[in-house]
file my_file_32.pdb (PDB, C-alpha atoms)
ATOM      1  CA  MET A 824       5.055 -25.623   7.078
ATOM      2  CA  PRO A 825       6.973 -27.900   4.644
ATOM      3  CA  ARG A 826       7.106 -26.840   1.004
ATOM      4  CA  ALA A 827       5.102 -29.874  -0.118
ATOM      5  CA  ALA A 828       2.257 -28.953   2.262
ATOM      6  CA  ARG A 829       2.250 -25.344   1.025
ATOM      7  CA  LYS A 830       2.229 -26.527  -2.588
ATOM      8  CA  GLY A 831      -0.734 -28.803  -1.863
ATOM      9  CA  LEU A 832      -2.712 -25.950  -0.329
ATOM     10  CA  ILE A 833      -2.004 -23.691  -3.310
ATOM     11  CA  GLU A 834      -3.123 -26.416  -5.718
ATOM     12  CA  LYS A 835      -6.318 -26.897  -3.693
ATOM     13  CA  LEU A 836      -6.942 -23.153  -3.760
ATOM     14  CA  GLN A 837      -6.475 -23.108  -7.536
ATOM     15  CA  THR A 838      -9.086 -25.841  -7.890
ATOM     16  CA  VAL A 839     -11.589 -24.048  -5.645
ATOM     17  CA  ARG A 840     -11.041 -20.845  -7.625
ATOM     18  CA  GLY A 841     -11.878 -22.427 -10.991
ATOM     19  CA  ASN A 842      -8.409 -23.524 -12.071
ATOM     20  CA  ARG A 843      -6.985 -20.016 -12.095
ATOM     21  CA  LEU A 844      -3.252 -19.476 -11.603
ATOM     22  CA  THR A 845      -2.406 -18.707  -7.962
ATOM     23  CA  VAL A 846       0.737 -16.718  -7.183
ATOM     24  CA  ALA A 847       1.621 -16.364  -3.494
ATOM     25  CA  TYR A 848       3.545 -13.325  -2.218
ATOM     26  CA  VAL A 849       4.113 -13.571   1.534
ATOM     27  CA  THR A 850       6.541 -11.511   3.623
ATOM     28  CA  SER A 851       7.118 -12.047   7.325
ATOM     29  CA  THR A 852       4.861  -9.972   9.601
ATOM     30  CA  ARG A 853       6.354 -11.261  12.875
ATOM     31  CA  GLN A 854       7.353  -8.394  15.159
ATOM     32  CA  GLY A 855      11.102  -7.975  15.100
ATOM     33  CA  HIS A 856      11.438 -10.227  12.047
ATOM     34  CA  GLU A 857       9.458  -8.281   9.456
ATOM     35  CA  THR A 858      10.465  -8.392   5.800
ATOM     36  CA  GLN A 859       9.223  -5.967   3.180
ATOM     37  CA  ILE A 860       7.820  -5.963  -0.312
ATOM     38  CA  ALA A 861      10.809  -5.277  -2.557
ATOM     39  CA  ASP A 862      12.181  -5.646  -6.079
ATOM     40  CA  ASP A 863      13.912  -8.933  -5.255
ATOM     41  CA  ALA A 864      10.606 -10.848  -5.619
ATOM     42  CA  PHE A 865       9.924  -9.484  -9.096
ATOM     43  CA  ARG A 866      12.023 -12.008 -11.042
ATOM     44  CA  ILE A 867      10.680 -14.934  -8.967
ATOM     45  CA  MET A 868       7.126 -13.821  -9.720
ATOM     46  CA  TYR A 869       7.975 -13.628 -13.416
ATOM     47  CA  ASP A 870       9.236 -17.226 -13.346
ATOM     48  CA  HIS A 871       5.975 -18.394 -11.726
ATOM     49  CA  LEU A 872       3.885 -16.564 -14.302
ATOM     50  CA  GLU A 873       5.925 -17.996 -17.177
ATOM     51  CA  ALA A 874       5.546 -21.531 -15.825
ATOM     52  CA  GLY A 875       1.799 -21.081 -15.268
ATOM     53  CA  GLN A 876       0.848 -19.014 -18.291
ATOM     54  CA  GLU A 877      -1.673 -21.597 -19.534
ATOM     55  CA  LEU A 878      -3.558 -21.435 -16.210
ATOM     56  CA  ALA A 879      -3.217 -17.649 -16.286
ATOM     57  CA  LYS A 880      -5.548 -17.609 -19.290
ATOM     58  CA  ASN A 881      -8.320 -18.459 -16.792
ATOM     59  CA  GLY A 882      -7.283 -15.547 -14.570
ATOM     60  CA  VAL A 883      -4.631 -14.881 -11.922
ATOM     61  CA  ASP A 884      -5.115 -14.859  -8.151
ATOM     62  CA  LEU A 885      -2.412 -13.074  -6.173
ATOM     63  CA  PHE A 886      -2.398 -14.425  -2.614
ATOM     64  CA  ILE A 887      -0.714 -11.703  -0.574
ATOM     65  CA  CYS A 888       0.238 -11.242   3.062
ATOM     66  CA  SER A 889       2.565  -8.366   3.980
ATOM     67  CA  ASN A 890       2.933  -5.272   6.142
ATOM     68  CA  GLY A 891       4.128  -3.340   3.092
ATOM     69  CA  GLY A 892       7.408  -2.092   1.667
ATOM     70  CA  SER A 893       8.607  -0.291  -1.437
ATOM     71  CA  GLY A 894       6.068   2.080  -2.961
ATOM     72  CA  THR A 895       7.298   1.463  -6.521
ATOM     73  CA  VAL A 896       6.947  -2.339  -6.533
ATOM     74  CA  PRO A 897       3.092  -2.429  -6.726
ATOM     75  CA  TRP A 898       3.017  -0.894 -10.199
ATOM     76  CA  ARG A 899       5.660  -3.333 -11.456
ATOM     77  CA  VAL A 900       3.843  -6.338  -9.958
ATOM     78  CA  VAL A 901       0.403  -5.436 -11.317
ATOM     79  CA  SER A 902       1.788  -4.467 -14.734
ATOM     80  CA  LEU A 903       3.671  -7.771 -14.979
ATOM     81  CA  ILE A 904       0.691  -9.922 -13.994
ATOM     82  CA  ARG A 905      -1.587  -8.126 -16.438
ATOM     83  CA  GLN A 906       0.689  -9.119 -19.315
ATOM     84  CA  TYR A 907      -0.450 -12.691 -18.618
ATOM     85  CA  SER A 908      -4.101 -12.031 -17.727
ATOM     86  CA  LYS A 909      -6.501  -9.098 -17.689
ATOM     87  CA  ASP A 910      -8.475 -10.810 -14.917
ATOM     88  CA  LEU A 911      -6.595 -10.240 -11.647
ATOM     89  CA  ALA A 912      -7.964 -10.950  -8.180
ATOM     90  CA  VAL A 913      -6.057 -10.293  -4.956
ATOM     91  CA  LEU A 914      -6.676 -12.704  -2.078
ATOM     92  CA  VAL A 915      -6.183 -11.184   1.383
ATOM     93  CA  PRO A 916      -6.115 -13.804   4.153
ATOM     94  CA  TYR A 917      -4.603 -11.543   6.838
ATOM     95  CA  HIS A 918      -2.527  -8.367   6.550
ATOM     96  CA  ALA A 919      -2.135  -6.530   3.252
ATOM     97  CA  PHE A 920      -0.924  -3.126   4.424
ATOM     98  CA  SER A 921       0.613  -0.080   2.742
ATOM     99  CA  ALA A 922       2.350  -1.249  -0.489
ATOM    100  CA  ALA A 923       0.339  -4.500  -0.343
ATOM    101  CA  THR A 924      -2.851  -2.413  -0.311
ATOM    102  CA  LEU A 925      -1.549  -0.541  -3.359
ATOM    103  CA  ILE A 926      -1.122  -3.877  -5.155
ATOM    104  CA  ALA A 927      -4.710  -4.769  -4.238
ATOM    105  CA  LEU A 928      -5.932  -1.524  -5.807
ATOM    106  CA  GLY A 929      -4.743  -2.829  -9.177
ATOM    107  CA  ALA A 930      -6.991  -5.898  -9.000
ATOM    108  CA  ASN A 931     -10.383  -6.313 -10.637
ATOM    109  CA  LYS A 932     -11.568  -7.860  -7.383
ATOM    110  CA  ILE A 933     -10.287  -8.070  -3.808
ATOM    111  CA  ILE A 934     -11.288 -11.204  -1.923
ATOM    112  CA  MET A 935     -10.803 -10.845   1.829
ATOM    113  CA  HIS A 936     -10.966 -13.432   4.595
ATOM    114  CA  LYS A 937     -12.838 -12.541   7.791
ATOM    115  CA  MET A 938      -9.411 -11.811   9.318
ATOM    116  CA  GLY A 939      -8.215  -9.941   6.235
ATOM    117  CA  CYS A 940      -7.202  -6.281   6.526
ATOM    118  CA  LEU A 941      -6.070  -3.587   4.142
ATOM    119  CA  GLY A 942      -4.432  -0.383   5.360
ATOM    120  CA  PRO A 943      -3.903   3.300   4.551
ATOM    121  CA  ILE A 944      -1.387   4.098   1.814
ATOM    122  CA  ASP A 945       0.263   7.196   3.294
ATOM    123  CA  PRO A 946       3.979   6.324   3.300
ATOM    124  CA  SER A 947       6.295   6.666   6.280
ATOM    125  CA  VAL A 948       9.747   7.352   4.861
ATOM    126  CA  ALA A 949      13.306   8.101   5.877
ATOM    127  CA  ASN A 950      16.356   9.437   4.087
ATOM    128  CA  ILE A 951      19.771  10.673   5.254
ATOM    129  CA  PHE A 952      18.269  13.950   6.504
ATOM    130  CA  ASN A 953      15.791  12.342   8.916
ATOM    131  CA  PRO A 954      16.420  12.687  12.673
ATOM    132  CA  PRO A 955      17.807   9.751  14.689
ATOM    133  CA  HIS A 956      15.286   7.235  16.008
ATOM    134  CA  PRO A 957      14.954   7.894  19.770
ATOM    135  CA  LEU A 958      14.326   4.209  20.582
ATOM    136  CA  ALA A 959      16.599   2.548  18.027
ATOM    137  CA  PRO A 960      20.219   3.760  18.171
ATOM    138  CA  GLY A 961      21.853   3.901  14.779
ATOM    139  CA  GLN A 962      18.547   4.063  12.912
ATOM    140  CA  LEU A 963      16.666   7.022  11.452
ATOM    141  CA  ALA A 964      13.118   7.899  12.462
ATOM    142  CA  GLN A 965      10.538   7.587   9.700
ATOM    143  CA  ILE A 966       8.215  10.506   8.985
ATOM    144  CA  SER A 967       4.652  10.315   7.669
ATOM    145  CA  PHE A 968       3.130  13.006   5.457
ATOM    146  CA  GLU A 969      -0.051  12.766   7.502
ATOM    147  CA  ASP A 970       1.922  13.470  10.706
ATOM    148  CA  VAL A 971       3.345  16.642   9.147
ATOM    149  CA  THR A 972      -0.046  17.878   7.962
ATOM    150  CA  ALA A 973      -1.607  16.922  11.310
ATOM    151  CA  PHE A 974       0.924  19.198  13.038
ATOM    152  CA  PHE A 975      -0.302  22.219  11.079
ATOM    153  CA  LYS A 976      -3.940  21.222  11.561
ATOM    154  CA  LEU A 977      -3.243  21.134  15.287
ATOM    155  CA  VAL A 978      -1.627  24.574  15.157
ATOM    156  CA  LYS A 979      -4.416  26.164  13.093
ATOM    157  CA  ASP A 980      -7.604  24.305  13.978
ATOM    158  CA  GLU A 981      -7.064  23.198  17.565
ATOM    159  CA  ILE A 982      -4.746  25.849  18.981
ATOM    160  CA  GLY A 983      -6.233  28.597  16.806
ATOM    161  CA  ILE A 984      -3.056  30.099  15.396
ATOM    162  CA  THR A 985      -3.926  31.622  12.022
ATOM    163  CA  HIS A 986      -1.768  34.766  11.732
ATOM    164  CA  GLU A 987       0.819  34.411   8.974
ATOM    165  CA  ASP A 988       3.787  35.429  11.147
ATOM    166  CA  GLU A 989       2.821  32.916  13.836
ATOM    167  CA  LEU A 990       2.418  30.143  11.251
ATOM    168  CA  VAL A 991       5.910  30.953   9.977
ATOM    169  CA  GLN A 992       7.188  30.552  13.535
ATOM    170  CA  ALA A 993       5.479  27.156  13.736
ATOM    171  CA  LEU A 994       7.211  26.141  10.497
ATOM    172  CA  ILE A 995      10.563  27.330  11.854
ATOM    173  CA  ALA A 996       9.985  25.325  15.043
ATOM    174  CA  LEU A 997       9.294  22.232  12.926
ATOM    175  CA  THR A 998      12.363  22.673  10.707
ATOM    176  CA  ASP A 999      14.520  23.177  13.820
ATOM    177  CA  LYS A1000      13.697  19.561  14.693
ATOM    178  CA  ILE A1001      13.376  18.064  11.199
ATOM    179  CA  HIS A1002      15.640  18.933   8.271
ATOM    180  CA  PRO A1003      13.764  20.730   5.449
ATOM    181  CA  LEU A1004      15.018  18.158   2.926
ATOM    182  CA  ALA A1005      13.528  15.384   5.053
ATOM    183  CA  LEU A1006      10.178  17.183   4.861
ATOM    184  CA  GLY A1007      10.610  17.582   1.103
ATOM    185  CA  ASN A1008      11.248  13.852   0.821
ATOM    186  CA  VAL A1009       7.991  13.165   2.675
ATOM    187  CA  GLN A1010       6.075  15.367   0.215
ATOM    188  CA  ARG A1011       7.696  13.644  -2.781
ATOM    189  CA  HIS A1012       6.712  10.181  -1.522
ATOM    190  CA  HIS A1013       3.199  11.436  -0.751
ATOM    191  CA  GLN A1014       2.748  12.550  -4.357
ATOM    192  CA  GLN A1015       4.271   9.321  -5.651
ATOM    193  CA  SER A1016       1.875   7.249  -3.537
ATOM    194  CA  ARG A1017      -1.131   9.124  -4.924
ATOM    195  CA  LEU A1018       0.197   8.680  -8.470
ATOM    196  CA  MET A1019       0.666   4.929  -7.939
ATOM    197  CA  ALA A1020      -2.847   4.552  -6.503
ATOM    198  CA  ARG A1021      -4.369   6.555  -9.360
ATOM    199  CA  ARG A1022      -2.594   4.474 -12.008
ATOM    200  CA  LEU A1023      -3.403   1.161 -10.335
ATOM    201  CA  LEU A1024      -7.094   1.995  -9.968
ATOM    202  CA  GLY A1025      -7.114   3.336 -13.514
ATOM    203  CA  VAL A1026      -6.080  -0.071 -14.833
ATOM    204  CA  HIS A1027      -9.620  -1.366 -14.269
ATOM    205  CA  MET A1028     -11.668   1.817 -13.713
ATOM    206  CA  GLY A1029     -12.554   4.084 -16.609
ATOM    207  CA  GLU A1030     -12.426   7.821 -17.274
ATOM    208  CA  ALA A1031     -16.043   8.139 -16.130
ATOM    209  CA  GLU A1032     -15.002   6.918 -12.677
ATOM    210  CA  GLN A1033     -12.316   9.538 -11.977
ATOM    211  CA  HIS A1034     -14.308  11.022  -9.111
ATOM    212  CA  GLU A1035     -14.605   7.592  -7.466
ATOM    213  CA  ILE A1036     -10.861   7.023  -7.958
ATOM    214  CA  GLU A1037      -9.965  10.276  -6.214
ATOM    215  CA  GLN A1038     -12.407   9.527  -3.387
ATOM    216  CA  ILE A1039     -10.855   6.107  -2.782
ATOM    217  CA  ILE A1040      -7.377   7.664  -2.721
ATOM    218  CA  ASP A1041      -8.467  10.383  -0.276
ATOM    219  CA  ASN A1042     -10.022   7.778   1.999
ATOM    220  CA  LEU A1043      -6.929   5.599   1.966
ATOM    221  CA  LYS A1044      -4.491   8.474   2.431
ATOM    222  CA  SER A1045      -6.055  11.172   4.579
ATOM    223  CA  ASN A1046      -9.510  10.328   5.832
ATOM    224  CA  LEU A1047      -8.458   7.394   8.030
ATOM    225  CA  PHE A1048      -5.989   9.607   9.946
ATOM    226  CA  TYR A1049      -3.800   6.759  11.253
ATOM    227  CA  HIS A1050      -1.341   4.730   9.173
ATOM    228  CA  GLY A1051      -1.890   1.581  11.225
ATOM    229  CA  HIS A1052      -5.684   1.557  10.892
ATOM    230  CA  PRO A1053      -6.822  -1.948   9.830
ATOM    231  CA  ILE A1054      -9.488  -1.791   7.117
ATOM    232  CA  ASN A1055     -11.699  -4.869   7.399
ATOM    233  CA  ARG A1056     -13.701  -6.249   4.502
ATOM    234  CA  ASP A1057     -16.925  -4.465   5.465
ATOM    235  CA  GLU A1058     -15.106  -1.098   5.521
ATOM    236  CA  ALA A1059     -13.368  -1.887   2.235
ATOM    237  CA  LYS A1060     -16.678  -2.593   0.534
ATOM    238  CA  ASN A1061     -19.118  -0.213   2.219
ATOM    239  CA  GLU A1062     -16.986   2.789   3.191
ATOM    240  CA  LEU A1063     -14.158   2.791   0.668
ATOM    241  CA  ASP A1064     -16.294   1.484  -2.233
ATOM    242  CA  LEU A1065     -13.665  -1.039  -3.268
ATOM    243  CA  GLU A1066     -14.760  -4.075  -5.274
ATOM    244  CA  ALA A1067     -14.220  -6.453  -2.328
TER
END

call {"tool": "encode", "arguments": {"input": "my_file_32.pdb", "output": "C-alpha cells"}}
result
Amino acid sequence: MPRAARKGLIEKLQTVRGNRLTVAYVTSTRQGHETQIADDAFRIMYDHLEAGQELAKNGVDLFICSNGGSGTVPWRVVSLIRQYSKDLAVLVPYHAFSAATLIALGANKIIMHKMGCLGPIDPSVANIFNPPHPLAPGQLAQISFEDVTAFFKLVKDEIGITHEDELVQALIALTDKIHPLALGNVQRHHQQSRLMARRLLGVHMGEAEQHEIEQIIDNLKSNLFYHGHPINRDEAKNELDLEA
C-alpha cells in the first residue's frame, strides 16, 4: 500500500477515535520474512510523538501488529508514550504476540478487532550455549521456560517419577542435551518477562489489584500451556480479565 494511502487511513482512524494521536507499529508477520520488535523503532516513535504532542493531549492510540521480539522494548515504548499522555489505548487488528502482548498490558484499554489476537508472554530464547537447530543449519534452537517445566511435569506427574535420585537422573539427562547455562538463561528471561508484565500492568492498576495482576501474569505465562496459543478478544476479556 502506498504511503499516502496508509497516511489517509491513519488520519481517518484518528478522526473516528476522537482526534487522538495514532502511532502505528507494524512488523512483518509473513512466514520466512518476519521482523521483530526491537530498539531500532524507539527513536522513530519518539519523533512521531514529538510531532503529534498536541493531539496526544487527547490520548494516544498505539496501532500494533507483530509476532513479538525483544522483551525489554515494551517497557521503553509504554514509558515513552506515557510521557506524552496518561491515556493509552492499544489497537490490535491482527497479531499482537509475545512482546507485542506485553506492550498491550501497559495500556489503559485494549481494543481488538474480530481477527485480533494476543498471545502468551513466556519467552523462547537462545544464547551461545543453546543446541544447534535441527532444521536450520547454522542457527541455534530456541528454548522456552514452559517447555523445560513441562519436561519435569511429565517426569513427575505423568510418568510418576518422584524419588529424589531418579529426579536427579532426569536432570542429568536434560543437561546432557542442553547446556546448564542455556537453561539458566531461560530462567533469567522467564523472571524478566514476569517483571516486565508486573510493571506494565502496575502502570494503570493499583496496589489493591495486585492479586489480579499476578493472576493475569500466570494466565499469560503458564496457564495457556502453548506459546503459540492465539488469545481472541472474548478470551482476553472474559478469561484473562483484561480491559479489552

call {"tool": "residues_around", "arguments": {"input": "my_file_32.pdb", "residues": "Lys909 of chain A", "least_positions_apart": "4", "cutoff": "10 Å", "atoms": "only C-alpha atoms", "output": "count of residues only"}}
result
12

call {"tool": "residues_around", "arguments": {"input": "my_file_32.pdb", "residues": "Pro1003 of chain A", "least_positions_apart": "3", "cutoff": "12 Å", "atoms": "all atoms listed in the file", "output": "PyMOL selection string"}}
result
chain A and resi 950-954+971+994-1000+1006-1010

call {"tool": "residues_around", "arguments": {"input": "my_file_32.pdb", "residues": "segment 889-893 of chain A", "least_positions_apart": "4", "cutoff": "9 Å", "atoms": "only C-alpha atoms", "output": "ChimeraX atom specification"}}
result
/A:848-852,857-862,897,917-924,942

call {"tool": "write_last_selection", "arguments": {"input": "my_file_32.pdb", "atoms": "C-alpha atoms", "output": "short mmCIF file (atom, residue, chain, number, x, y, z; two decimals), in the coordinates of the input"}}
result
data_model
loop_
_atom_site.label_atom_id
_atom_site.label_comp_id
_atom_site.auth_asym_id
_atom_site.auth_seq_id
_atom_site.Cartn_x
_atom_site.Cartn_y
_atom_site.Cartn_z
CA TYR A 848 3.54 -13.32 -2.22
CA VAL A 849 4.11 -13.57 1.53
CA THR A 850 6.54 -11.51 3.62
CA SER A 851 7.12 -12.05 7.32
CA THR A 852 4.86 -9.97 9.60
CA GLU A 857 9.46 -8.28 9.46
CA THR A 858 10.46 -8.39 5.80
CA GLN A 859 9.22 -5.97 3.18
CA ILE A 860 7.82 -5.96 -0.31
CA ALA A 861 10.81 -5.28 -2.56
CA ASP A 862 12.18 -5.65 -6.08
CA PRO A 897 3.09 -2.43 -6.73
CA TYR A 917 -4.60 -11.54 6.84
CA HIS A 918 -2.53 -8.37 6.55
CA ALA A 919 -2.13 -6.53 3.25
CA PHE A 920 -0.92 -3.13 4.42
CA SER A 921 0.61 -0.08 2.74
CA ALA A 922 2.35 -1.25 -0.49
CA ALA A 923 0.34 -4.50 -0.34
CA THR A 924 -2.85 -2.41 -0.31
CA GLY A 942 -4.43 -0.38 5.36
#

call {"tool": "residues_around", "arguments": {"input": "my_file_32.pdb", "residues": "Glu1062 of chain A", "least_positions_apart": "4", "cutoff": "9 Å", "atoms": "all atoms listed in the file", "output": "list in words"}}
result
Asn1042, Asp1057 and Glu1058 of chain A

call {"tool": "axis_aligned_box", "arguments": {"input": "my_file_32.pdb", "around": "segment 852-869 of chain A", "padding_each_side": "5 Å", "output": "lines of an AutoDock Vina configuration file"}}
result
center_x = 9.4
center_y = -10.1
center_z = 0.9
size_x = 19.1
size_y = 19.7
size_z = 38.6

call {"tool": "closest_residue", "arguments": {"input": "my_file_32.pdb", "among": "A:Arg840, A:Val978, A:Asn1055, A:Ile1036", "to": "Cys940 of chain A", "atoms": "only C-alpha atoms"}}
result
A:Asn1055

call {"tool": "closest_residue", "arguments": {"input": "my_file_32.pdb", "among": "A:Cys888, A:Pro960, A:Leu990, A:Phe968", "to": "Met938 of chain A", "atoms": "only C-alpha atoms"}}
result
A:Cys888

call {"tool": "residues_around", "arguments": {"input": "my_file_32.pdb", "residues": "Gln1015 of chain A", "least_positions_apart": "6", "cutoff": "10 Å", "atoms": "all atoms listed in the file", "output": "short mmCIF file (atom, residue, chain, number, x, y, z; two decimals) with C-alpha atoms, in the frame of the given file"}}
result
data_model
loop_
_atom_site.label_atom_id
_atom_site.label_comp_id
_atom_site.auth_asym_id
_atom_site.auth_seq_id
_atom_site.Cartn_x
_atom_site.Cartn_y
_atom_site.Cartn_z
CA GLY A 894 6.07 2.08 -2.96
CA THR A 895 7.30 1.46 -6.52
CA PRO A 946 3.98 6.32 3.30
CA VAL A 1009 7.99 13.16 2.68
CA ARG A 1021 -4.37 6.56 -9.36
#

call {"tool": "resolve_selection", "arguments": {"input": "my_file_32.pdb", "expression": "the PyMOL selection byres ((chain A and resi 937) around 8)", "output": "NGL selection string"}}
result
:A and (916 or 935-936 or 938-939 or 1055-1056)

call {"tool": "closest_residue", "arguments": {"input": "my_file_32.pdb", "among": "A:Ser1016, A:Asn842, A:Gln837, A:Gln854", "to": "Trp898 of chain A", "atoms": "only C-alpha atoms"}}
result
A:Ser1016

call {"tool": "atom_distance", "arguments": {"input": "my_file_32.pdb", "atom1": "atom CA of Leu903 of chain A", "atom2": "atom CA of Thr845 of chain A"}}
result
14.3 Å

call {"tool": "closest_residue", "arguments": {"input": "my_file_32.pdb", "among": "A:Leu878, A:Ile982, A:Ala1005, A:Met868", "to": "Thr838 of chain A", "atoms": "only C-alpha atoms"}}
result
A:Leu878

call {"tool": "closest_residue", "arguments": {"input": "my_file_32.pdb", "among": "A:Ile984, A:Leu941, A:Leu925, A:Ala949", "to": "Ser967 of chain A", "atoms": "only C-alpha atoms"}}
result
A:Ala949

call {"tool": "closest_residue", "arguments": {"input": "my_file_32.pdb", "among": "A:Leu1023, A:Glu877, A:Ala973, A:Glu987", "to": "Val900 of chain A", "atoms": "all atoms listed in the file"}}
result
A:Leu1023

call {"tool": "atom_distance", "arguments": {"input": "my_file_32.pdb", "atom1": "atom CA of Ala874 of chain A", "atom2": "atom CA of Arg1022 of chain A"}}
result
27.5 Å

call {"tool": "resolve_selection", "arguments": {"input": "my_file_32.pdb", "expression": "the PyMOL selection byres ((chain A and resi 965) around 6)", "output": "list of chain:residue names"}}
result
A:Ser947, A:Val948, A:Ala949, A:Ala964, A:Ile966

call {"tool": "build_atoms", "arguments": {"input": "my_file_32.pdb", "residues": "segment 991-1005 of chain A", "atoms": "N, CA and C atoms", "output": "PDB file, keeping the file's coordinate frame"}}
result
ATOM      1  N   VAL A 991       4.502  31.033  10.376  1.00  0.00           N
ATOM      2  CA  VAL A 991       5.910  30.953   9.977  1.00  0.00           C
ATOM      3  C   VAL A 991       6.762  30.486  11.153  1.00  0.00           C
ATOM      4  N   GLN A 992       6.453  30.980  12.346  1.00  0.00           N
ATOM      5  CA  GLN A 992       7.188  30.552  13.535  1.00  0.00           C
ATOM      6  C   GLN A 992       6.972  29.060  13.814  1.00  0.00           C
ATOM      7  N   ALA A 993       5.753  28.584  13.563  1.00  0.00           N
ATOM      8  CA  ALA A 993       5.479  27.156  13.736  1.00  0.00           C
ATOM      9  C   ALA A 993       6.296  26.337  12.741  1.00  0.00           C
ATOM     10  N   LEU A 994       6.411  26.828  11.501  1.00  0.00           N
ATOM     11  CA  LEU A 994       7.211  26.141  10.497  1.00  0.00           C
ATOM     12  C   LEU A 994       8.684  26.126  10.893  1.00  0.00           C
ATOM     13  N   ILE A 995       9.167  27.254  11.412  1.00  0.00           N
ATOM     14  CA  ILE A 995      10.563  27.330  11.854  1.00  0.00           C
ATOM     15  C   ILE A 995      10.811  26.346  13.000  1.00  0.00           C
ATOM     16  N   ALA A 996       9.849  26.271  13.925  1.00  0.00           N
ATOM     17  CA  ALA A 996       9.985  25.325  15.043  1.00  0.00           C
ATOM     18  C   ALA A 996      10.065  23.888  14.528  1.00  0.00           C
ATOM     19  N   LEU A 997       9.273  23.577  13.492  1.00  0.00           N
ATOM     20  CA  LEU A 997       9.294  22.232  12.926  1.00  0.00           C
ATOM     21  C   LEU A 997      10.628  21.948  12.242  1.00  0.00           C
ATOM     22  N   THR A 998      11.112  22.897  11.435  1.00  0.00           N
ATOM     23  CA  THR A 998      12.363  22.673  10.707  1.00  0.00           C
ATOM     24  C   THR A 998      13.579  22.735  11.620  1.00  0.00           C
ATOM     25  N   ASP A 999      13.437  23.269  12.835  1.00  0.00           N
ATOM     26  CA  ASP A 999      14.520  23.177  13.820  1.00  0.00           C
ATOM     27  C   ASP A 999      14.719  21.738  14.287  1.00  0.00           C
ATOM     28  N   LYS A1000      13.638  20.955  14.253  1.00  0.00           N
ATOM     29  CA  LYS A1000      13.697  19.561  14.693  1.00  0.00           C
ATOM     30  C   LYS A1000      13.888  18.593  13.526  1.00  0.00           C
ATOM     31  N   ILE A1001      13.330  18.945  12.360  1.00  0.00           N
ATOM     32  CA  ILE A1001      13.376  18.064  11.199  1.00  0.00           C
ATOM     33  C   ILE A1001      13.957  18.827  10.011  1.00  0.00           C
ATOM     34  N   HIS A1002      14.970  18.286   9.389  1.00  0.00           N
ATOM     35  CA  HIS A1002      15.640  18.933   8.271  1.00  0.00           C
ATOM     36  C   HIS A1002      14.640  19.214   7.144  1.00  0.00           C
ATOM     37  N   PRO A1003      14.695  20.404   6.534  1.00  0.00           N
ATOM     38  CA  PRO A1003      13.764  20.730   5.449  1.00  0.00           C
ATOM     39  C   PRO A1003      13.783  19.717   4.303  1.00  0.00           C
ATOM     40  N   LEU A1004      14.956  19.145   4.009  1.00  0.00           N
ATOM     41  CA  LEU A1004      15.018  18.158   2.926  1.00  0.00           C
ATOM     42  C   LEU A1004      14.339  16.851   3.321  1.00  0.00           C
ATOM     43  N   ALA A1005      14.283  16.550   4.604  1.00  0.00           N
ATOM     44  CA  ALA A1005      13.528  15.384   5.053  1.00  0.00           C
ATOM     45  C   ALA A1005      12.039  15.617   4.831  1.00  0.00           C
TER      46      ALA A1005
END
